[in-house]
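Here's the structure we're looking at; comments come further down.
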Amino acid sequence: MKILHQVLHCLKGLAETTQRLFSSDNDGGEEVLQQDFTKAASNFKRLISANNKALDVMAQMELTLAEGDEFDATYVRTQVTRVNTAVYQLISSIEGYSPEKFAPIKKRFLEIQKTLNTELLSIPSSTESPLVMPFSQITASDASVVGGKAANLGELKNNVGVTVPDGVATTSNAFWVFMRHNELHEVCDRRLRQVTSHSLTELYTVCSKIRQDIMKASVPEEISTEILRLVKDMGDSSLHSFAVRSSAVGEDGRHHAFAGQYLSRLNVANDEILAAWKEVVASKYSPEAVAYRKAKGLAARDLAVCVAIMPMQNVIAGGVIYSTDPIACSQNVSTIHAAYGLPKGVVDGRVAADIVTMRKDQSEGAAVVEQDIANKEKQYVSVDGGVELVPVPQSLQYVPVLTLDELKSLQSYAARIEKHYGCPQDIEWGMTKDREILFLQSRPLFQSSCIEHSIEVAEPLLLSGGDTVSAGVGYGELVFVQREVDALTFPEGAILVVQYASPRWAPLLSKASGVISGTGSRAGHLATVAREYGVPGIFGVGNVENLVLYKGNATLDAQYRKVYAGKVDALLALWSQKSRSMKGTPVYEMLASAVEKIVPLHLTDPTTPEFTAENCTTLHDITRFCHEYAIDEMFRVGRDMHIPSGKTKQLYEKCPMQYWVVDLDDGFITYPTGKFVTFDNISSVPMHAIWKGMTAVKWAGPPPVSAKSFLTILAESTCDPSLVPDASSIYTMRNYFLISSKFCCLQFRFGYHFCTVETLGGNVPAENFISMKFSGGAADLQKKNARVRLIAIILDEHDFRVTVVKDRLTARCENMSEEDIKQRLYVVGHLLMHTRQLDMILHSEQAFANVLEKLRGELAQLRTH
């Protein structure tokens with residue numbers, strides 16, 4: 001039977017087997033003992049396998065948390081499920097030795113697992129909330145029920161006292177009822193699970209399929225009936241058309257705006273409301289929305305799409321007011337963007353708009369600080385079945401949209417809204433034929449930091465002008481994107497150039513170092529997303545033809561609205577581009593909470609009274625407890641019990657060595673007659689390879705350490721119980737090889753560092769692997785980290801996948817021939833022997849480089865042996 005299958009094989013009746021193994025009355029003879037020991041050994045290998053799986057997942061979670069790369073809540077839940085499963089398998093294996101003895105550890109596991117499951121693994125469920133709610137019953141506290149947009153509209157209407165149109169909102173409960181009714185939820189989750197926002201081709205394909213499925217689905221009667229009933233209550237629906245707008249959970253919130261990422265349908269006829277409702281629901285799975293959620297670490301399963309349905313307003317003008325300017329240099333002013341027609345043209349970046357800067361405290365002087373009256377050639381208006389972009393009458397094109405009194409009134413309302421919410425607001429507004437101001441949306445404003453400078457740039461100027469939508473400096477290739485097919489090949493780190501500032505380009509911002517648009521302003525949806533992502537940008541630059549013709553890299557100074565040919569190091573030195581990490585996001589906190597309950601290790605010294613099952617507070621504690629006692633039980637069998645002769649022996653080479661060898665299956669050629677085993681009686685190919693690596697090049701002994709370093713190490717030892725070298729732990733006193741002919745597990749400790757190596761090297765390459773874990777040391781953390789980095793470099797050069805977190809290293813290679821496995825075990829063995837105590841001397845980069853060169857030379861020498 002193949003060793004890998006033995007490792008994974010779960011034996012039945014293990015408790016009875018172990019009982020016979022431990023029994024002093026066992027008179028079944030050597031053959032029965034041989035069978036019993038084989039079963040116990042197989043169980044031990046299964047335990048080791050489960051332990052490794054658990055530790056691997058923990059290492060991945062800790063590394064993800066440290067690096068803050070893209071992940072979402074689904075990733076967190078998946079990792080928690082994986083580690084729970086592995087630890088459960090580990091406990092099931094150790095229970096085989098003595099179910100009663102290890103019952104407390106299972107109890108602690110179930111308690112920790114319950115806490116994790118309650119916090120992280122709950123799934124959306126129907127609530128007692130209604131399926132549809134009128135705005136008159138909604139406030140900001142209902143954001144989890146009706147989504148951010150509807151909750152804010154209800155708050156403005158009922159608690160701020162500004163004019164908001166009537167409307168109704170379908171709830172998160174309605175969304176989940178719809179998804180479950182059509183069995184769509186799990187299908188959507190499964191399709192999206194493996195898609196990343198960087199694989200745009202795959203993203204567009206999968207999203208298209210999901211949206212088609214949603215559009216084919218039926219709206220449950222209880223939802224459709226309630227929508228149409230409450231819509232009718234707003235008045236004669238035959239006289240109205242409607243705006244059907246997204247109001248997803250999480251949208252328009254303090255952490256995530258989702259600006260333009262979901263669909264809104266305008267001027268929808270009464271008999272098209274349900275179809276439009278499905279379109280808005282389906283937009284949850286648009287490429288833009290999916291990429292945005294992934295970049296922000298949000299799981300689709302957590303975010304229901306609620307929908308706000310409002311009678312269409314016959315507005316003649318509209319736009320956006322920022323109660324405080326979005327560029328942080330201008331905290332004392334408000335900015336109003338105003339265009340003729342529907343506000344859609346402003347937020348979509350398709351029409352020119354007047355831009356007026358207003359002093360927030362008008363007692364200090366003139367209300368208007370600056371105004372730019374645009375040539376407003378186009379406007380969006382309502383037409384049958386939707387909206388259309390039409391010309392603005394020529395007589396109005398250069399006429400300001402708002403009078404001074406209207407500007408002051410609008411700013412006064414914005415100041416009231418900002419004061420109510422306690423933070424700057426991004427507010428969408430419209431104006432009726434009667435010149436009445438209506439408020440259509442309000443959300444927290446994402447501001448962009450800025451940096452002012454007086455640097456004179458010698459590089460050629462490619463472009464000057466436009467509107468700073470997000471401050472900063474970007475550098476990269478100028479890449480023009482016109483259509484989705486262009487987006488599929490957009491390279492990482494390029495500067496995105498578009499003619500229209502459409503929200504559909506938002507997925508590219510996660511890859512871009514800057515963004516330039518021919519149209520649009522800081523009031524647009526794409527500008528809002530750019531500020532969220534920390535991507536420098538200028539919009540409204542006019543025709544981008546000159547940039548399209550330029551071939552090469554360029555530097556974008558968004559604060560001063562200039563683009564230079566080539567790289568301007570002086571500008572780049574001023575600006576540290578914001579990291580695209582997940583740090584600070586809710587999902588980052590979610591992972592941090594999970595890691596806190598899983599990864600820390602508190603049980604370090606098995607010789608203390610505190611090393612008990614009851615004191616396990618994390619899953620790592622549980623794995624440490626189980627691993628320690630499993631090895632102890634296994635080797636106690638080898639020392640004290642009736643087992644097949646020769647299964648556990650001390651290694652002998654010229655003299656007894658501090659290595660004990662456990663024969664799990666066919667690791668010995670013949671049973672040794674005494675208490676020792678020599679190398680010529682060991683059949684384990686992997687053990688021979690490790691040993692060759694350890695001994696082929698003679699170790700020169702401990703490196704010389706200064707008195708100061710020695711005292712530092714001594715102080716480290718006295719402060720950390722786990723580093724006491726004379727503790728009576730099996731890890732301290734002995735090193736163990738657990739072997740069969742093709743398998744080896746080495747438990748190795750020398751002084752202050754610990755290492756585990758497991759390997760399978762047979763004639764089936766797909767099953768072969770090497771797994772190495774290394775940690776510890778007596779020096780300070782900087783030197784310990786340096787040694788781990790040294791080992792990581794060598795292993796990486798020999799095709800290992802290496803993960804390093806602080807002073808802990810995990811490395812793995814797999815799917816190799818038996819000979820390739822042997823060659824890499826030489827490297828592992830050499831590192832085990834020749835990096836001992838190096839942490840004491842890696843005090844500088846030069847010392848690091850010297851040791852690295854020395855190790856590379858020794859490994860080259862080893863390959864010639």
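Within each chain, counting starts at residue 1; across the structure tokens, chains are named A, B, ... in the order shown, with ligands numbered 1 upward in that order.
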Note to self: For Val535 (chain A), find every residue with an atom within 10 Å (counting only C-alpha atoms), except residues of its own chain fewer than 4 positions away, and show them as number ranges by chain.
What the structure shows: A: 448, 469-474, 495, 509-515, 527, 529-531, 558, 577-580
Could you dump the residues just selected with N, CA, C and O atoms as an mmCIF file, in the first residue's frame?
data_model
loop_
_atom_site.group_PDB
_atom_site.id
_atom_site.type_symbol
_atom_site.label_atom_id
_atom_site.label_comp_id
_atom_site.auth_asym_id
_atom_site.auth_seq_id
_atom_site.Cartn_x
_atom_site.Cartn_y
_atom_site.Cartn_z
ATOM 1 N N SER A 448 -9.353 63.064 -0.433
ATOM 2 C CA SER A 448 -8.011 62.727 -0.892
ATOM 3 C C SER A 448 -7.019 63.678 -0.252
ATOM 4 O O SER A 448 -7.220 64.884 -0.267
ATOM 5 N N VAL A 469 -9.152 65.132 -9.297
ATOM 6 C CA VAL A 469 -10.199 64.344 -8.645
ATOM 7 C C VAL A 469 -9.652 63.535 -7.483
ATOM 8 O O VAL A 469 -10.379 63.158 -6.570
ATOM 9 N N SER A 470 -8.334 63.240 -7.531
ATOM 10 C CA SER A 470 -7.680 62.485 -6.464
ATOM 11 C C SER A 470 -6.205 62.869 -6.504
ATOM 12 O O SER A 470 -5.549 62.727 -7.542
ATOM 13 N N ALA A 471 -5.699 63.404 -5.402
ATOM 14 C CA ALA A 471 -4.346 63.956 -5.406
ATOM 15 C C ALA A 471 -3.300 62.858 -5.371
ATOM 16 O O ALA A 471 -3.569 61.710 -5.023
ATOM 17 N N GLY A 472 -2.058 63.241 -5.730
ATOM 18 C CA GLY A 472 -0.956 62.303 -5.668
ATOM 19 C C GLY A 472 -0.142 62.309 -6.942
ATOM 20 O O GLY A 472 -0.395 63.070 -7.869
ATOM 21 N N VAL A 473 0.859 61.433 -6.992
ATOM 22 C CA VAL A 473 1.747 61.310 -8.141
ATOM 23 C C VAL A 473 1.753 59.855 -8.586
ATOM 24 O O VAL A 473 1.908 58.943 -7.767
ATOM 25 N N GLY A 474 1.552 59.645 -9.878
ATOM 26 C CA GLY A 474 1.580 58.295 -10.438
ATOM 27 C C GLY A 474 2.594 58.201 -11.562
ATOM 28 O O GLY A 474 2.886 59.185 -12.245
ATOM 29 N N ILE A 495 -0.895 53.853 -16.205
ATOM 30 C CA ILE A 495 -1.798 54.982 -15.988
ATOM 31 C C ILE A 495 -2.967 54.837 -16.952
ATOM 32 O O ILE A 495 -2.786 54.763 -18.167
ATOM 33 N N LEU A 509 -8.993 50.357 -11.662
ATOM 34 C CA LEU A 509 -8.309 51.198 -10.683
ATOM 35 C C LEU A 509 -7.530 50.388 -9.667
ATOM 36 O O LEU A 509 -6.594 50.901 -9.050
ATOM 37 N N SER A 510 -7.903 49.125 -9.475
ATOM 38 C CA SER A 510 -7.144 48.281 -8.552
ATOM 39 C C SER A 510 -5.776 47.932 -9.116
ATOM 40 O O SER A 510 -4.901 47.466 -8.392
ATOM 41 N N LYS A 511 -5.569 48.174 -10.426
ATOM 42 C CA LYS A 511 -4.287 47.873 -11.064
ATOM 43 C C LYS A 511 -3.539 49.130 -11.472
ATOM 44 O O LYS A 511 -2.350 49.080 -11.765
ATOM 45 N N ALA A 512 -4.236 50.279 -11.541
ATOM 46 C CA ALA A 512 -3.669 51.486 -12.132
ATOM 47 C C ALA A 512 -2.834 52.279 -11.128
ATOM 48 O O ALA A 512 -3.106 52.280 -9.930
ATOM 49 N N SER A 513 -1.812 52.992 -11.649
ATOM 50 C CA SER A 513 -1.034 53.910 -10.819
ATOM 51 C C SER A 513 -1.537 55.336 -10.959
ATOM 52 O O SER A 513 -1.072 56.239 -10.261
ATOM 53 N N GLY A 514 -2.497 55.562 -11.866
ATOM 54 C CA GLY A 514 -3.096 56.872 -12.054
ATOM 55 C C GLY A 514 -4.223 56.774 -13.061
ATOM 56 O O GLY A 514 -4.362 55.758 -13.752
ATOM 57 N N VAL A 515 -5.053 57.819 -13.159
ATOM 58 C CA VAL A 515 -6.173 57.810 -14.102
ATOM 59 C C VAL A 515 -6.361 59.220 -14.662
ATOM 60 O O VAL A 515 -6.289 60.210 -13.931
ATOM 61 N N ALA A 527 -14.464 59.192 -9.999
ATOM 62 C CA ALA A 527 -13.590 59.999 -9.153
ATOM 63 C C ALA A 527 -13.680 59.557 -7.699
ATOM 64 O O ALA A 527 -12.667 59.483 -6.990
ATOM 65 N N VAL A 529 -14.411 56.561 -6.576
ATOM 66 C CA VAL A 529 -13.703 55.289 -6.426
ATOM 67 C C VAL A 529 -12.191 55.517 -6.460
ATOM 68 O O VAL A 529 -11.439 54.882 -5.712
ATOM 69 N N ALA A 530 -11.723 56.429 -7.313
ATOM 70 C CA ALA A 530 -10.285 56.728 -7.371
ATOM 71 C C ALA A 530 -9.790 57.234 -6.018
ATOM 72 O O ALA A 530 -8.706 56.846 -5.552
ATOM 73 N N ARG A 531 -10.563 58.090 -5.362
ATOM 74 C CA ARG A 531 -10.155 58.583 -4.044
ATOM 75 C C ARG A 531 -10.150 57.458 -3.020
ATOM 76 O O ARG A 531 -9.274 57.394 -2.159
ATOM 77 N N ALA A 558 -1.119 64.808 -10.172
ATOM 78 C CA ALA A 558 -2.550 65.119 -10.149
ATOM 79 C C ALA A 558 -2.848 66.396 -9.382
ATOM 80 O O ALA A 558 -3.768 67.134 -9.734
ATOM 81 N N GLN A 577 2.645 56.403 -2.631
ATOM 82 C CA GLN A 577 1.343 55.912 -3.103
ATOM 83 C C GLN A 577 0.700 55.029 -2.054
ATOM 84 O O GLN A 577 1.352 54.183 -1.445
ATOM 85 N N LYS A 578 -0.589 55.215 -1.852
ATOM 86 C CA LYS A 578 -1.289 54.404 -0.859
ATOM 87 C C LYS A 578 -1.244 52.940 -1.232
ATOM 88 O O LYS A 578 -1.422 52.570 -2.376
ATOM 89 N N SER A 579 -0.996 52.111 -0.232
ATOM 90 C CA SER A 579 -0.998 50.673 -0.474
ATOM 91 C C SER A 579 -2.408 50.185 -0.759
ATOM 92 O O SER A 579 -3.376 50.688 -0.208
ATOM 93 N N ARG A 580 -2.495 49.187 -1.636
ATOM 94 C CA ARG A 580 -3.811 48.599 -1.930
ATOM 95 C C ARG A 580 -4.128 47.475 -0.934
ATOM 96 O O ARG A 580 -4.817 46.530 -1.246
#
Margin query: So that I can see what lies close to Asp233 (chain A), please list as a PyMOL selection string the residues with an atom at most 12 Å from it, counting only C-alpha atoms and leaving out residues fewer than 2 positions away in the same chain.
Written below: chain A and resi 133-134+166-168+226-231+235-237+310-311
Note to self: Would you pick out the contacts of region 273-275 of chain A at 8 Å or less, using only C-alpha atoms, so that residues sharing its chain but fewer than 2 positions from it are not included, and give the list as a list in words?
What the structure shows: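 Answer for this query is Met215, Val219, Ser224, Phe242, Val244, Val268, Ala269, Asn270, Asp271, Trp277, Lys278 and Glu279 of chain A.
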Margin query: I need the strand (DSSP E) residues of region 379-477 of chain A per DSSP on the backbone, written as number ranges by chain.
Written below: A: 379-383, 386-391, 425-432, 437-444, 461-464, 467-470, 473-477
Next item on the list: Please provide as a VMD selection string all residues within 12 Å of Gln89 (chain A), with the sequence filter that same-chain residues fewer than 3 positions apart are discarded (counting only C-alpha atoms).
Entry: chain A and resid 8 to 10 43 to 54 82 to 86 92 to 96 106 109 622 to 623 626
Next item on the list: Compare A:Ile336, A:Lys344, A:Phe175, A:Leu461 by their minimum atom-to-atom distance to Arg265 (chain A), counting only C-alpha atoms, and give me the closest one.
Entry: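 Smallest distance to Arg265 (chain A) is found for A:Lys344.
In terms of minimum interatomic distance to Val697 (chain A), A:Gln861 ranks closest within A:Ser683, A:Ser740, A:Gln861, A:Ser775, counting only C-alpha atoms.
Every protein or nucleic acid residue with an atom no more than 9 Å from Val677 (chain A), counting only C-alpha atoms and leaving out same-chain residues fewer than 2 positions away, appears here: Gly646, Thr648, Lys649, Gln650, Leu651, Tyr652, Glu653, Trp660, Val661, Phe668, Tyr671, Pro672, Thr673, Gly674, Lys675, Phe679, Asp680, Asn681 and Ile682 of chain A.
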Only N, CA and C atoms, please: the residues just picked out, written as a compact mmCIF listing (two decimals), in the first residue's frame.
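Output saved as again_35.txt:
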# COMPACT_ATOMS: atom_id res chain seq x y z
N GLY A 646 12.54 -4.14 18.18
CA GLY A 646 13.30 -3.40 17.18
C GLY A 646 12.59 -2.23 16.57
N THR A 648 11.74 0.79 17.92
CA THR A 648 12.30 2.07 18.33
C THR A 648 13.71 1.86 18.83
N LYS A 649 14.67 2.50 18.14
CA LYS A 649 16.08 2.27 18.48
C LYS A 649 16.84 3.59 18.48
N GLN A 650 17.92 3.59 19.28
CA GLN A 650 18.81 4.73 19.30
C GLN A 650 19.82 4.58 18.16
N LEU A 651 20.06 5.69 17.45
CA LEU A 651 20.98 5.66 16.32
C LEU A 651 22.42 5.57 16.82
N TYR A 652 23.19 4.70 16.15
CA TYR A 652 24.59 4.49 16.56
C TYR A 652 25.48 4.63 15.35
N GLU A 653 26.45 5.58 15.44
CA GLU A 653 27.47 5.69 14.40
C GLU A 653 28.77 6.06 15.09
N TRP A 660 16.78 9.14 17.94
CA TRP A 660 16.04 7.90 18.08
C TRP A 660 15.23 7.66 16.80
N VAL A 661 15.17 6.42 16.40
CA VAL A 661 14.53 6.06 15.14
C VAL A 661 13.34 5.17 15.44
N PHE A 668 13.36 -0.46 8.90
CA PHE A 668 14.56 -1.25 9.19
C PHE A 668 14.63 -2.41 8.21
N TYR A 671 15.27 -6.56 12.06
CA TYR A 671 15.08 -6.07 13.41
C TYR A 671 16.42 -6.09 14.16
N PRO A 672 16.87 -4.94 14.67
CA PRO A 672 18.11 -4.93 15.46
C PRO A 672 17.91 -5.73 16.75
N THR A 673 18.96 -6.40 17.19
CA THR A 673 18.83 -7.25 18.39
C THR A 673 19.04 -6.45 19.67
N GLY A 674 19.78 -5.39 19.62
CA GLY A 674 20.03 -4.59 20.80
C GLY A 674 19.21 -3.32 20.82
N LYS A 675 19.68 -2.36 21.61
CA LYS A 675 18.92 -1.10 21.71
C LYS A 675 19.34 -0.07 20.67
N PHE A 679 23.28 2.72 10.50
CA PHE A 679 22.78 3.16 9.21
C PHE A 679 22.70 2.05 8.19
N ASP A 680 23.56 1.08 8.29
CA ASP A 680 23.50 0.00 7.29
C ASP A 680 22.28 -0.89 7.48
N ASN A 681 21.51 -0.67 8.56
CA ASN A 681 20.29 -1.45 8.78
C ASN A 681 19.03 -0.60 8.57
N ILE A 682 19.19 0.60 8.01
CA ILE A 682 18.05 1.49 7.78
C ILE A 682 17.74 1.52 6.28
Next item on the list: For each of A:Val390, A:Ile214, A:Ala151, A:Lys107, take the minimum atom-to-atom distance to Glu183 (chain A), counting only C-alpha atoms, then give the residue where this is smallest.
Entry: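 Between A:Val390, A:Ile214, A:Ala151, A:Lys107, the residue approaching Glu183 (chain A) most closely is A:Ile214.
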